[in-house]
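**Student:** Just so it is clear, I am handing over final00.txt, which has compact mmCIF, C-alpha atoms.
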```txt
# COMPACT_ATOMS: atom_id res chain seq x y z
CA MET A 258 18.57 8.32 -87.46
CA ARG A 259 18.70 9.13 -91.17
CA ARG A 260 20.26 6.46 -93.40
CA PRO A 261 20.81 8.10 -96.81
CA LEU A 262 21.79 4.87 -98.58
CA ALA A 263 19.01 2.68 -97.14
CA GLY A 264 17.78 0.25 -99.79
CA LEU A 265 21.18 0.07 -101.50
CA ARG A 266 22.73 -3.40 -101.68
CA VAL A 267 26.50 -3.86 -101.93
CA ILE A 268 28.28 -7.13 -102.73
CA ASP A 269 31.68 -7.09 -101.06
CA LEU A 270 34.16 -9.46 -102.73
CA GLY A 271 37.13 -7.76 -101.11
CA SER A 272 39.55 -9.00 -98.51
CA ARG A 273 41.72 -7.39 -95.85
CA VAL A 274 41.18 -3.62 -95.73
CA SER A 275 40.74 -1.45 -98.83
CA ALA A 276 37.67 -2.85 -100.58
CA PRO A 277 35.92 -3.88 -97.34
CA PHE A 278 36.50 -0.40 -95.94
CA CYS A 279 34.77 1.09 -98.98
CA SER A 280 31.84 -1.20 -98.21
CA ALA A 281 31.95 -0.23 -94.54
CA ILE A 282 31.58 3.46 -95.37
CA LEU A 283 28.58 2.73 -97.57
CA GLY A 284 27.14 0.45 -94.89
CA GLU A 285 27.47 3.07 -92.18
CA GLN A 286 25.38 5.34 -94.41
CA GLY A 287 22.63 2.72 -94.55
CA ALA A 288 23.49 0.31 -97.37
CA GLU A 289 23.09 -3.45 -96.91
CA ILE A 290 26.51 -5.09 -97.21
CA ILE A 291 26.76 -8.73 -98.24
CA LYS A 292 30.29 -10.00 -97.82
CA ILE A 293 31.24 -13.01 -99.90
CA GLU A 294 33.89 -15.19 -98.26
CA GLU A 295 35.42 -18.45 -99.32
CA PRO A 296 34.11 -21.43 -97.36
CA VAL A 297 36.16 -22.79 -94.43
CA ARG A 298 38.83 -20.09 -94.28
CA GLY A 299 37.01 -16.82 -94.94
CA ASP A 300 38.57 -13.37 -95.15
CA ARG A 301 42.29 -13.35 -94.33
CA LEU A 302 41.64 -10.53 -91.89
CA ARG A 303 40.02 -13.08 -89.59
CA GLU A 304 43.50 -14.52 -89.06
CA LEU A 305 45.34 -11.32 -88.08
CA GLY A 306 45.95 -10.19 -84.50
CA PRO A 307 45.79 -8.84 -81.94
CA TYR A 308 43.54 -11.53 -80.51
CA ALA A 309 40.93 -11.73 -77.80
CA ARG A 310 39.65 -15.11 -76.61
CA ASP A 311 36.16 -16.47 -77.16
CA ASP A 312 34.25 -18.54 -74.59
CA ALA A 313 36.10 -21.66 -75.70
CA GLY A 314 39.48 -19.99 -75.31
CA GLU A 315 40.08 -19.78 -79.04
CA PRO A 316 41.88 -16.70 -80.47
CA TYR A 317 39.62 -14.15 -82.13
CA SER A 318 40.89 -11.30 -84.31
CA LEU A 319 40.11 -7.83 -82.99
CA TYR A 320 41.18 -6.51 -86.40
CA TRP A 321 38.31 -8.49 -87.91
CA SER A 322 35.96 -7.37 -85.13
CA VAL A 323 36.47 -3.76 -86.23
CA GLU A 324 36.73 -4.10 -90.01
CA GLY A 325 34.24 -6.93 -90.46
CA ARG A 326 31.41 -5.15 -88.69
CA GLY A 327 28.18 -3.97 -90.26
CA ARG A 328 27.80 -6.67 -92.90
CA LYS A 329 26.36 -10.09 -93.61
CA SER A 330 28.69 -13.02 -94.26
CA VAL A 331 27.85 -15.42 -97.08
CA THR A 332 30.23 -18.22 -98.05
CA ILE A 333 30.52 -19.07 -101.75
CA ASP A 334 33.31 -20.81 -103.64
CA LEU A 335 33.76 -18.44 -106.58
CA ARG A 336 36.28 -20.74 -108.23
CA ARG A 337 33.52 -23.15 -109.22
CA PRO A 338 30.83 -22.58 -111.86
CA GLN A 339 27.94 -23.06 -109.42
CA GLY A 340 29.42 -20.46 -107.11
CA GLN A 341 29.90 -18.07 -110.01
CA GLU A 342 26.26 -18.51 -110.98
CA LEU A 343 25.22 -17.67 -107.42
CA LEU A 344 27.31 -14.52 -107.56
CA ARG A 345 25.71 -13.44 -110.83
CA SER A 346 22.26 -13.92 -109.30
CA LEU A 347 23.20 -11.88 -106.24
CA ALA A 348 24.71 -9.15 -108.40
CA ASP A 349 21.52 -8.91 -110.48
CA ALA A 350 19.67 -7.99 -107.28
CA SER A 351 22.31 -5.53 -106.06
CA ASP A 352 23.61 -2.05 -106.84
CA VAL A 353 27.34 -2.14 -106.12
CA VAL A 354 30.14 -4.69 -106.29
CA VAL A 355 33.55 -4.11 -104.73
CA GLU A 356 36.42 -6.53 -105.31
CA SER A 357 40.15 -6.77 -104.70
CA PHE A 358 41.29 -9.85 -106.61
CA ARG A 359 44.36 -9.71 -108.79
CA PRO A 360 43.43 -8.13 -112.15
CA GLY A 361 42.13 -10.74 -114.56
CA THR A 362 40.84 -13.11 -111.87
CA LEU A 363 37.15 -12.24 -112.22
CA GLU A 364 37.54 -12.45 -116.00
CA ARG A 365 38.80 -16.03 -115.66
CA TRP A 366 35.84 -16.82 -113.43
CA ASN A 367 33.34 -15.23 -115.85
CA ILE A 368 32.08 -12.78 -113.21
CA ASP A 369 33.88 -9.61 -114.30
CA PRO A 370 31.82 -6.43 -114.90
CA SER A 371 31.34 -7.22 -118.59
CA ARG A 372 29.44 -10.35 -117.62
CA LEU A 373 27.32 -8.74 -114.92
CA SER A 374 24.38 -6.37 -115.20
CA PRO A 375 25.26 -2.94 -116.67
CA HIS A 376 23.31 -1.23 -113.88
CA LEU A 377 26.00 -2.17 -111.37
CA VAL A 378 28.64 0.19 -110.04
CA THR A 379 31.82 -1.84 -109.60
CA ALA A 380 34.90 -0.73 -107.69
CA ARG A 381 37.97 -2.81 -108.56
CA PHE A 382 40.82 -2.53 -106.06
CA SER A 383 44.43 -3.45 -106.75
CA LEU A 384 47.90 -2.15 -106.02
CA PHE A 385 48.81 -0.89 -109.51
CA GLY A 386 45.50 -0.76 -111.38
CA GLN A 387 43.70 -2.94 -113.89
CA ASP A 388 46.24 -2.36 -116.68
CA GLY A 389 49.83 -1.28 -117.21
CA PRO A 390 53.16 -3.14 -116.91
CA LYS A 391 52.90 -3.59 -113.13
CA SER A 392 49.19 -4.49 -112.96
CA LEU A 393 49.79 -8.12 -111.92
CA VAL A 394 52.39 -7.33 -109.25
CA VAL A 395 51.17 -8.38 -105.81
CA GLY A 396 51.39 -5.93 -102.92
CA LEU A 397 49.64 -4.38 -99.96
CA ASN A 398 49.73 -1.10 -98.05
CA GLY A 399 53.51 -0.91 -97.66
CA SER A 400 54.01 -1.48 -101.37
CA ALA A 401 51.74 1.46 -102.20
CA LEU A 402 53.53 3.68 -99.70
CA ALA A 403 56.92 2.73 -101.10
CA PHE A 404 55.96 3.14 -104.76
CA SER A 405 54.12 6.45 -104.33
CA GLY A 406 57.02 8.03 -102.45
CA LEU A 407 55.28 8.62 -99.13
CA MET A 408 57.48 6.17 -97.27
CA HIS A 409 60.52 8.05 -98.59
CA LEU A 410 59.18 11.15 -96.83
CA THR A 411 58.36 9.44 -93.54
CA GLY A 412 60.84 9.43 -90.67
CA ASP A 413 64.02 11.25 -89.73
CA PRO A 414 66.46 12.42 -92.43
CA ASP A 415 69.39 10.52 -90.94
CA ARG A 416 67.55 7.23 -90.59
CA ALA A 417 65.86 4.71 -92.85
CA PRO A 418 62.40 5.48 -94.22
CA ALA A 419 59.64 4.56 -91.78
CA ARG A 420 56.29 2.93 -92.39
CA PRO A 421 53.36 4.94 -90.98
CA GLY A 422 51.67 3.15 -88.11
CA VAL A 423 48.36 2.35 -89.81
CA ASN A 424 47.23 1.04 -93.20
CA ILE A 425 46.97 4.46 -94.84
CA ALA A 426 46.84 3.27 -98.46
CA GLY A 427 44.15 0.70 -97.77
CA TYR A 428 41.88 2.99 -95.82
CA LEU A 429 42.40 6.01 -98.05
CA SER A 430 41.68 3.94 -101.16
CA GLY A 431 38.43 2.86 -99.54
CA VAL A 432 37.45 6.46 -98.85
CA PHE A 433 38.17 7.66 -102.39
CA ALA A 434 36.32 4.66 -103.82
CA ALA A 435 33.22 5.21 -101.67
CA GLN A 436 33.04 8.77 -102.96
CA ALA A 437 33.39 7.58 -106.55
CA VAL A 438 30.73 4.91 -106.02
CA THR A 439 28.20 7.43 -104.74
CA SER A 440 28.99 9.73 -107.69
CA LEU A 441 28.21 6.98 -110.19
CA LEU A 442 25.09 6.00 -108.28
CA TYR A 443 23.93 9.61 -108.49
CA GLU A 444 24.55 9.62 -112.24
CA ARG A 445 22.72 6.32 -112.62
CA ASP A 446 19.71 7.13 -110.46
CA ALA A 447 19.24 10.89 -110.13
CA ARG A 448 20.04 11.54 -113.77
CA GLY A 449 18.23 8.42 -114.88
CA THR A 450 20.91 6.85 -117.07
CA GLY A 451 20.26 3.40 -115.63
CA THR A 452 23.89 2.50 -116.23
CA GLY A 453 26.56 2.15 -113.57
CA GLY A 454 30.26 1.99 -114.30
CA VAL A 455 33.60 0.51 -113.31
CA ILE A 456 36.04 2.31 -111.01
CA ASP A 457 39.75 1.46 -111.19
CA VAL A 458 40.94 1.92 -107.58
CA PHE A 459 44.73 1.56 -107.59
CA MET A 460 46.08 1.88 -104.06
CA TYR A 461 49.19 3.89 -104.84
CA GLY A 462 46.92 6.44 -106.54
CA SER A 463 45.21 7.30 -103.26
CA ILE A 464 48.60 8.20 -101.78
CA LEU A 465 49.76 10.02 -104.90
CA ARG A 466 46.71 12.29 -104.70
CA ILE A 467 47.70 13.57 -101.24
CA MET A 468 51.39 14.17 -101.96
CA GLU A 469 50.90 17.94 -101.80
CA TRP A 470 53.39 19.91 -103.92
CA THR A 471 55.89 17.07 -104.35
CA ILE A 472 55.31 16.41 -108.07
CA ALA A 473 54.99 20.09 -109.02
CA ALA A 474 58.22 21.00 -107.23
CA HIS A 475 60.06 18.20 -109.00
CA ASP A 476 58.67 19.34 -112.33
CA ARG A 477 59.37 23.06 -112.02
CA LEU A 478 62.26 23.19 -109.57
CA GLY A 479 63.99 19.84 -109.99
CA MET A 480 63.40 19.28 -106.27
CA VAL A 481 63.41 15.77 -104.81
CA ARG A 482 61.58 16.06 -101.52
CA ASN A 483 63.17 14.21 -98.60
CA ARG A 484 62.46 13.25 -95.01
CA SER A 485 62.41 16.05 -92.48
CA GLY A 486 61.41 14.22 -89.31
CA ASP A 487 58.75 15.96 -87.24
CA SER A 488 59.69 19.40 -88.55
CA LEU A 489 59.11 21.00 -91.95
CA ASP A 490 61.68 22.28 -94.40
CA ILE A 491 59.36 25.05 -95.55
CA ALA A 492 58.05 26.40 -92.22
CA ALA A 493 59.09 26.92 -88.60
CA PRO A 494 58.49 26.53 -85.78
CA VAL A 495 56.69 23.26 -86.43
CA GLY A 496 57.20 19.97 -84.65
CA ASN A 497 56.92 17.73 -81.63
CA TYR A 498 58.53 19.15 -78.52
CA ALA A 499 59.35 17.20 -75.35
CA SER A 500 57.80 18.51 -72.13
CA ARG A 501 59.15 18.41 -68.57
CA ASP A 502 56.94 15.44 -67.64
CA GLY A 503 58.10 13.22 -70.50
CA ARG A 504 55.23 13.92 -72.88
CA TYR A 505 55.28 15.61 -76.29
CA VAL A 506 53.44 18.70 -77.49
CA TYR A 507 52.84 19.35 -81.17
CA LEU A 508 52.53 22.92 -82.43
CA VAL A 509 52.44 24.82 -85.70
CA GLY A 510 53.81 28.36 -85.84
CA GLY A 511 54.91 28.63 -89.45
CA SER A 512 52.69 31.48 -90.64
CA GLN A 513 53.28 35.01 -89.41
CA VAL A 514 50.03 35.10 -87.43
CA PHE A 515 50.68 31.80 -85.70
CA PHE A 516 54.32 32.66 -85.02
CA GLU A 517 53.35 35.86 -83.27
CA ARG A 518 50.88 33.88 -81.17
CA VAL A 519 53.61 31.38 -80.23
CA CYS A 520 55.81 34.29 -79.14
CA ARG A 521 52.96 35.62 -77.01
CA ALA A 522 52.38 32.18 -75.41
CA MET A 523 56.09 31.97 -74.55
CA ASP A 524 56.20 35.58 -73.26
CA ARG A 525 58.91 36.26 -75.86
CA PRO A 526 57.74 39.34 -77.83
CA ASP A 527 61.36 39.96 -78.79
CA LEU A 528 61.34 36.96 -81.09
CA ALA A 529 58.58 38.46 -83.21
CA VAL A 530 60.88 41.35 -84.18
CA ASP A 531 64.11 39.37 -84.36
CA GLU A 532 65.47 39.69 -87.92
CA ARG A 533 66.28 35.96 -87.97
CA PHE A 534 62.56 35.23 -87.62
CA ALA A 535 61.06 38.28 -89.30
CA ASN A 536 58.96 36.35 -91.83
CA ALA A 537 58.10 32.82 -92.87
CA ALA A 538 60.94 32.56 -95.41
CA VAL A 539 63.74 33.52 -93.05
CA ARG A 540 62.26 31.39 -90.27
CA ALA A 541 62.42 28.42 -92.58
CA ASP A 542 66.09 29.22 -93.26
CA ASN A 543 66.73 29.52 -89.52
CA ARG A 544 64.41 26.72 -88.47
CA ALA A 545 67.01 24.95 -86.34
CA GLU A 546 67.39 28.04 -84.15
CA ILE A 547 63.71 28.83 -83.67
CA ASN A 548 62.82 25.17 -83.13
CA ALA A 549 65.53 24.97 -80.47
CA ILE A 550 64.11 28.02 -78.68
CA VAL A 551 60.59 26.55 -78.68
CA ALA A 552 61.91 23.17 -77.57
CA GLN A 553 63.68 24.74 -74.62
CA TRP A 554 60.50 26.57 -73.58
CA VAL A 555 58.32 23.45 -73.76
CA SER A 556 60.92 21.40 -71.88
CA GLY A 557 60.50 23.67 -68.87
CA LEU A 558 56.77 22.99 -68.59
CA ASP A 559 54.52 20.00 -68.07
CA ALA A 560 52.60 19.10 -71.23
CA ASP A 561 49.26 20.24 -69.81
CA GLU A 562 50.62 23.69 -69.02
CA ALA A 563 52.35 24.11 -72.37
CA GLU A 564 49.20 23.06 -74.19
CA ALA A 565 47.04 25.40 -72.11
CA ARG A 566 49.26 28.41 -72.80
CA LEU A 567 49.40 27.73 -76.52
CA VAL A 568 45.69 27.05 -76.87
CA ALA A 569 44.88 30.21 -74.89
CA CYS A 570 46.79 32.15 -77.55
CA ASP A 571 45.00 30.34 -80.42
CA VAL A 572 48.06 28.41 -81.53
CA PRO A 573 47.32 25.10 -83.31
CA ALA A 574 48.83 22.88 -80.64
CA GLY A 575 48.14 19.93 -78.39
CA LYS A 576 49.55 17.02 -76.46
CA ILE A 577 50.35 13.94 -78.49
CA TYR A 578 47.88 11.30 -77.37
CA ASP A 579 48.14 7.56 -77.21
CA VAL A 580 44.96 5.48 -77.42
CA ALA A 581 44.42 5.53 -73.65
CA ASP A 582 44.60 9.33 -73.63
CA PHE A 583 42.16 9.55 -76.51
CA ALA A 584 39.63 7.17 -74.99
CA ALA A 585 39.66 9.10 -71.71
CA ASP A 586 39.33 12.57 -73.24
CA GLU A 587 36.16 14.42 -72.25
CA HIS A 588 35.64 15.76 -75.76
CA VAL A 589 35.73 12.25 -77.22
CA GLN A 590 33.25 11.07 -74.63
CA ALA A 591 30.93 14.05 -75.12
CA ARG A 592 30.93 13.57 -78.90
CA GLY A 593 30.41 9.81 -78.84
CA ASP A 594 33.50 9.11 -80.92
CA ILE A 595 33.81 5.64 -79.41
CA CYS A 596 30.86 3.29 -79.52
CA THR A 597 30.18 -0.16 -78.12
CA VAL A 598 29.70 -2.85 -80.74
CA GLN A 599 28.07 -6.13 -79.79
CA ASP A 600 30.40 -8.70 -81.29
CA PRO A 601 28.70 -12.11 -81.69
CA VAL A 602 31.85 -13.95 -80.63
CA ILE A 603 33.31 -11.97 -77.73
CA GLY A 604 30.47 -9.66 -76.71
CA PRO A 605 30.68 -5.88 -76.25
CA VAL A 606 33.78 -4.23 -77.70
CA ARG A 607 34.52 -0.50 -77.70
CA GLN A 608 35.47 0.67 -81.18
CA GLN A 609 35.65 3.87 -83.19
CA ALA A 610 32.21 5.16 -84.09
CA PRO A 611 31.04 5.56 -87.70
CA PHE A 612 32.31 8.66 -89.49
CA PRO A 613 31.30 11.16 -90.78
CA ARG A 614 28.04 12.05 -89.06
CA LEU A 615 25.08 14.28 -89.76
CA VAL A 616 24.88 17.40 -87.61
CA GLY A 617 22.82 16.81 -84.52
CA GLU A 618 22.86 13.03 -84.82
CA THR A 619 24.97 10.48 -82.99
CA PRO A 620 25.57 7.53 -85.32
CA ALA A 621 24.24 4.19 -84.18
CA ALA A 622 26.76 1.48 -83.38
CA PRO A 623 27.16 -0.97 -86.30
CA GLU A 624 26.20 -4.61 -86.04
CA GLY A 625 29.09 -6.78 -84.88
CA ALA A 626 31.35 -8.56 -87.36
CA PRO A 627 29.55 -11.74 -88.45
CA ARG A 628 30.65 -15.29 -87.92
CA LEU A 629 31.90 -16.95 -91.09
CA GLY A 630 28.87 -17.81 -93.26
CA GLU A 631 26.42 -16.60 -90.63
CA HIS A 632 24.01 -15.20 -93.22
CA THR A 633 24.49 -17.64 -96.09
CA ASP A 634 21.09 -19.30 -95.90
CA GLU A 635 19.26 -16.05 -95.13
CA VAL A 636 20.70 -14.16 -98.10
CA LEU A 637 20.60 -16.94 -100.66
CA SER A 638 17.01 -17.76 -99.80
CA SER A 639 15.68 -14.18 -99.59
CA VAL A 640 17.70 -12.60 -102.42
CA VAL A 641 18.30 -15.47 -104.84
CA GLY A 642 15.23 -17.53 -103.90
CA LEU A 643 16.94 -20.85 -103.12
CA SER A 644 15.00 -23.48 -101.22
CA ALA A 645 16.23 -25.33 -98.17
CA THR A 646 16.77 -28.41 -100.35
CA GLU A 647 18.88 -26.44 -102.83
CA LEU A 648 20.93 -24.92 -100.01
CA ASP A 649 21.57 -28.36 -98.53
CA ALA A 650 22.76 -29.66 -101.90
CA LEU A 651 25.14 -26.72 -102.37
CA ARG A 652 26.53 -27.18 -98.89
CA ALA A 653 27.01 -30.91 -99.43
CA ASP A 654 28.99 -30.09 -102.57
CA SER A 655 31.07 -27.47 -100.66
CA ILE A 656 29.88 -24.65 -102.93
CA ILE A 657 28.70 -22.73 -99.86
```
Show this structure as structure tokens.
**Tutor:**
Amino acid sequence: MRRPLAGLRVIDLGSRVSAPFCSAILGEQGAEIIKIEEPVRGDRLRELGPYARDDAGEPYSLYWSVEGRGRKSVTIDLRRPQGQELLRSLADASDVVVESFRPGTLERWNIDPSRLSPHLVTARFSLFGQDGPKSLVVGLNGSALAFSGLMHLTGDPDRAPARPGVNIAGYLSGVFAAQAVTSLLYERDARGTGTGGVIDVFMYGSILRIMEWTIAAHDRLGMVRNRSGDSLDIAAPVGNYASRDGRYVYLVGGSQVFFERVCRAMDRPDLAVDERFANAAVRADNRAEINAIVAQWVSGLDADEAEARLVACDVPAGKIYDVADFAADEHVQARGDICTVQDPVIGPVRQQAPFPRLVGETPAAPEGAPRLGEHTDEVLSSVVGLSATELDALRADSII
């Protein structure tokens, strides 16, 4: 299998999700990922559930099993000068550094980008960015969702804002950062500049970038966008519709083409010429009526039948899956979207496969998430050149 980033070395100083996910994307494209963790405790993600049990009956984080995979774990105390010197040596032999400490922390430890090799590409993750009045404010995914306005748009209009079910800001920040890292690597290597750069990855920015027309409509129309539940204010019919067997079917019929297809699937050609639904604008004005008509139709069918009729008419539609549905789906199985990772603590675990993939290739399963400090001696001896005696002395002094 092709590994486009083979030979690239990434030092991952991040914790939890955003910065490590950036590293994971690079690792799944072939880069070597060296994760630096503090001795004894390690990444905080190791502490979060849900938990499986190891052979000794101890709880083991499945969150860590997924997000810690595909990297080597090296323990170094970066708060101490000897640990900082080790980091500088590792960075000299690497291409990329990702970190998610509070802004100013690496500067205090003398390991910020200005004190490392200029050939490095560094991605610095934080909630609000490396400067500005809020730069030192602590926060995680929910803070980014709240500040950017996405949480305000999530949920039903007559209820409190809802938090999306996964760590969108963390993961999305990692995706944007991985793209920016590869861009700077291209500039450094393909164009021969020899110089990397520093990327300011502020988590709320990743959400802001996907907020569609929200800012423009506020600017030009004075519009403050609000929650609309599972429907849309600007298009109809769109939404989640309950089926006879207690499932939900999602469909989109907002454009004229798709609406006419929905009418055909429902055997309701009259709706296509009804003046209340004659075009997208009037359907949006009469969205409660058309959504009610579609809801009534879906409620008279099992989800499989409703989906089949809609798909046969080329309507963007489908049953809403839970994880069990997804894992059992024949398309998922045929495509290899779930792989088996050999976790060193709990053995084989089915997880989502690497993404994206090259056409015609099924991505190999990543190496399992490492035990804390599993690769400390290997990396510090092979990359930095420390002897067994030097490693023993560092360990005795709790530097590693």
**Student:** List the spatial neighbours of Leu344 of chain A as an MDAnalysis selection string - criterion: any atom at most 10 Å away, only C-alpha atoms, same-chain residues fewer than 4 positions off excluded.
**Tutor:** chainID A and resid 268 270 293 333:335 338:340 348:349 368 373 637 641
**Student:** Could the residues in this selection be saved with C-alpha atoms as a CSV table (one decimal), keeping the file's coordinate frame?
**Tutor:**
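Listed below is the output, part_39.csv:
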```csv
chain,number,residue,atom,x,y,z
A,268,ILE,CA,28.3,-7.1,-102.7
A,270,LEU,CA,34.2,-9.5,-102.7
A,293,ILE,CA,31.2,-13.0,-99.9
A,333,ILE,CA,30.5,-19.1,-101.8
A,334,ASP,CA,33.3,-20.8,-103.6
A,335,LEU,CA,33.8,-18.4,-106.6
A,338,PRO,CA,30.8,-22.6,-111.9
A,339,GLN,CA,27.9,-23.1,-109.4
A,340,GLY,CA,29.4,-20.5,-107.1
A,348,ALA,CA,24.7,-9.2,-108.4
A,349,ASP,CA,21.5,-8.9,-110.5
A,368,ILE,CA,32.1,-12.8,-113.2
A,373,LEU,CA,27.3,-8.7,-114.9
A,637,LEU,CA,20.6,-16.9,-100.7
A,641,VAL,CA,18.3,-15.5,-104.8
```
**Student:** Rounded to one decimal in Å, what is the spacing between atom CA of Val331 of chain A and atom CA of Lys292 of chain A?
**Tutor:**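 Distance between the two atoms: 6.0 Å.
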**Student:** Ranking A:Val616, A:Leu651, A:Val355, A:Ala585 by minimum distance to Ser275 of chain A and counting all atoms listed in the file, which one comes first?
**Tutor:**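 That would be A:Val355, the residue with the smallest distance to Ser275 of chain A.
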**Student:** Taking a cut-off of 10 Å and counting all atoms listed in the file, can you build a table that, for each residue of segment 444-503 of chain A near segment 562-580 of chain A, reports the nearest atom pair and how far apart they are in Å (one decimal), sorted by chain then residue number, as a tab-separated table?
**Tutor:**
```
residue	atom	partner	partner_atom	distance
A:Val495	CA	A:Ala574	CA	9.8
A:Gly496	CA	A:Ala574	CA	9.7
A:Asn497	CA	A:Ile577	CA	8.2
A:Tyr498	CA	A:Lys576	CA	9.5
A:Ala499	CA	A:Lys576	CA	9.9
A:Ser500	CA	A:Ala563	CA	7.8
A:Arg501	CA	A:Ala563	CA	9.7
```
**Student:** Atom CA of Val432 of chain A and atom CA of Arg303 of chain A, how far apart in Å?
**Tutor:**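 Computing the Euclidean distance for atom CA of Arg303 of chain A and atom CA of Val432 of chain A yields 21.8 Å.
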**Student:** Closest to Ala434 of chain A among A:Phe385, A:Phe612, A:Phe534, A:Phe459, using only C-alpha atoms?
**Tutor:**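 Checking each candidate against Ala434 of chain A, we get A:Phe459 as the closest.
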**Student:** Skipping near chain neighbours, those fewer than 3 positions away, what residues fall within 9 Å of Pro627 of chain A using only C-alpha atoms, listed as a PDB file with C-alpha atoms, keeping the file's coordinate frame?
**Tutor:**
```
ATOM      1  CA  SER A 322      35.960  -7.370 -85.130  1.00  0.00           C
ATOM      2  CA  GLY A 325      34.240  -6.930 -90.460  1.00  0.00           C
ATOM      3  CA  ARG A 326      31.410  -5.150 -88.690  1.00  0.00           C
ATOM      4  CA  GLY A 327      28.180  -3.970 -90.260  1.00  0.00           C
ATOM      5  CA  ARG A 328      27.800  -6.670 -92.900  1.00  0.00           C
ATOM      6  CA  LYS A 329      26.360 -10.090 -93.610  1.00  0.00           C
ATOM      7  CA  SER A 330      28.690 -13.020 -94.260  1.00  0.00           C
ATOM      8  CA  ASP A 600      30.400  -8.700 -81.290  1.00  0.00           C
ATOM      9  CA  PRO A 601      28.700 -12.110 -81.690  1.00  0.00           C
ATOM     10  CA  VAL A 602      31.850 -13.950 -80.630  1.00  0.00           C
ATOM     11  CA  GLU A 624      26.200  -4.610 -86.040  1.00  0.00           C
ATOM     12  CA  GLY A 630      28.870 -17.810 -93.260  1.00  0.00           C
ATOM     13  CA  GLU A 631      26.420 -16.600 -90.630  1.00  0.00           C
ATOM     14  CA  HIS A 632      24.010 -15.200 -93.220  1.00  0.00           C
TER      15      HIS A 632
END
```
**Student:** Go ahead and compute the interatomic distance for atom CA of Leu302 of chain A and atom CA of Arg273 of chain A, in Å to one decimal.
**Tutor:**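 Calculated distance between atom CA of Leu302 of chain A and atom CA of Arg273 of chain A is 5.1 Å.
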**Student:** Which residue, A:Ile472, A:Val423, A:Val394, A:Ala276, has the smallest gap to Val353 of chain A when you use all atoms listed in the file?
**Tutor:** A:Ala276
**Student:** Let me know the centre plus edge lengths, in Å and rounded to one decimal, of a box with edges along x, y and z that contains all listed atoms of segment 279-292 of chain A and is padded by 8 Å on every side, as JSON.
**Tutor:**
```
{"center_x": 28.7, "center_y": -2.3, "center_z": -95.6, "size_x": 28.1, "size_y": 31.3, "size_z": 22.8}
```
**Student:** Residues at most 7 Å from segment 545-547 of chain A, counting only C-alpha atoms, excluding those fewer than 3 positions away in the same chain, as a PyMOL selection string?
**Tutor:** chain A and resi 494+550-551
**Student:** Quick one: residues within 12 Å of (20.4, 4.4, -99.8) (file frame), counting all atoms listed in the file, please, as an MDAnalysis selection string.
**Tutor:** chainID A and resid 259:267 283:290 351:353 439 442:443 446
**Student:** For those residues, write C-alpha atoms to a file as a PDB file, in the coordinates of the input.
**Tutor:**
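Written out: again-v4.pdb:
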```pdb
ATOM      1  CA  ARG A 259      18.700   9.130 -91.170  1.00  0.00           C
ATOM      2  CA  ARG A 260      20.260   6.460 -93.400  1.00  0.00           C
ATOM      3  CA  PRO A 261      20.810   8.100 -96.810  1.00  0.00           C
ATOM      4  CA  LEU A 262      21.790   4.870 -98.580  1.00  0.00           C
ATOM      5  CA  ALA A 263      19.010   2.680 -97.140  1.00  0.00           C
ATOM      6  CA  GLY A 264      17.780   0.250 -99.790  1.00  0.00           C
ATOM      7  CA  LEU A 265      21.180   0.070-101.500  1.00  0.00           C
ATOM      8  CA  ARG A 266      22.730  -3.400-101.680  1.00  0.00           C
ATOM      9  CA  VAL A 267      26.500  -3.860-101.930  1.00  0.00           C
ATOM     10  CA  LEU A 283      28.580   2.730 -97.570  1.00  0.00           C
ATOM     11  CA  GLY A 284      27.140   0.450 -94.890  1.00  0.00           C
ATOM     12  CA  GLU A 285      27.470   3.070 -92.180  1.00  0.00           C
ATOM     13  CA  GLN A 286      25.380   5.340 -94.410  1.00  0.00           C
ATOM     14  CA  GLY A 287      22.630   2.720 -94.550  1.00  0.00           C
ATOM     15  CA  ALA A 288      23.490   0.310 -97.370  1.00  0.00           C
ATOM     16  CA  GLU A 289      23.090  -3.450 -96.910  1.00  0.00           C
ATOM     17  CA  ILE A 290      26.510  -5.090 -97.210  1.00  0.00           C
ATOM     18  CA  SER A 351      22.310  -5.530-106.060  1.00  0.00           C
ATOM     19  CA  ASP A 352      23.610  -2.050-106.840  1.00  0.00           C
ATOM     20  CA  VAL A 353      27.340  -2.140-106.120  1.00  0.00           C
ATOM     21  CA  THR A 439      28.200   7.430-104.740  1.00  0.00           C
ATOM     22  CA  LEU A 442      25.090   6.000-108.280  1.00  0.00           C
ATOM     23  CA  TYR A 443      23.930   9.610-108.490  1.00  0.00           C
ATOM     24  CA  ASP A 446      19.710   7.130-110.460  1.00  0.00           C
TER      25      ASP A 446
END
```
**Student:** Kindly indicate which residue among A:Ala535, A:Met258, A:Val395, A:Val589 lies nearest to Leu615 of chain A, using only C-alpha atoms for the distances.
**Tutor:**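 Comparing A:Ala535, A:Met258, A:Val395, A:Val589 against Leu615 of chain A, the winner is A:Met258.
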**Student:** Taking all atoms listed in the file into account, name the residue in A:Ser318, A:Gln553, A:Ser357, A:Asn483 that is nearest to Asp413 of chain A.
**Tutor:** A:Asn483
**Student:** As a PyMOL selection string, please: the residues near Asn543 of chain A (cut-off 12 Å, only C-alpha atoms, same-chain neighbours under 5 positions excluded).
**Tutor:** chain A and resi 489-494+511+531-538+548-550
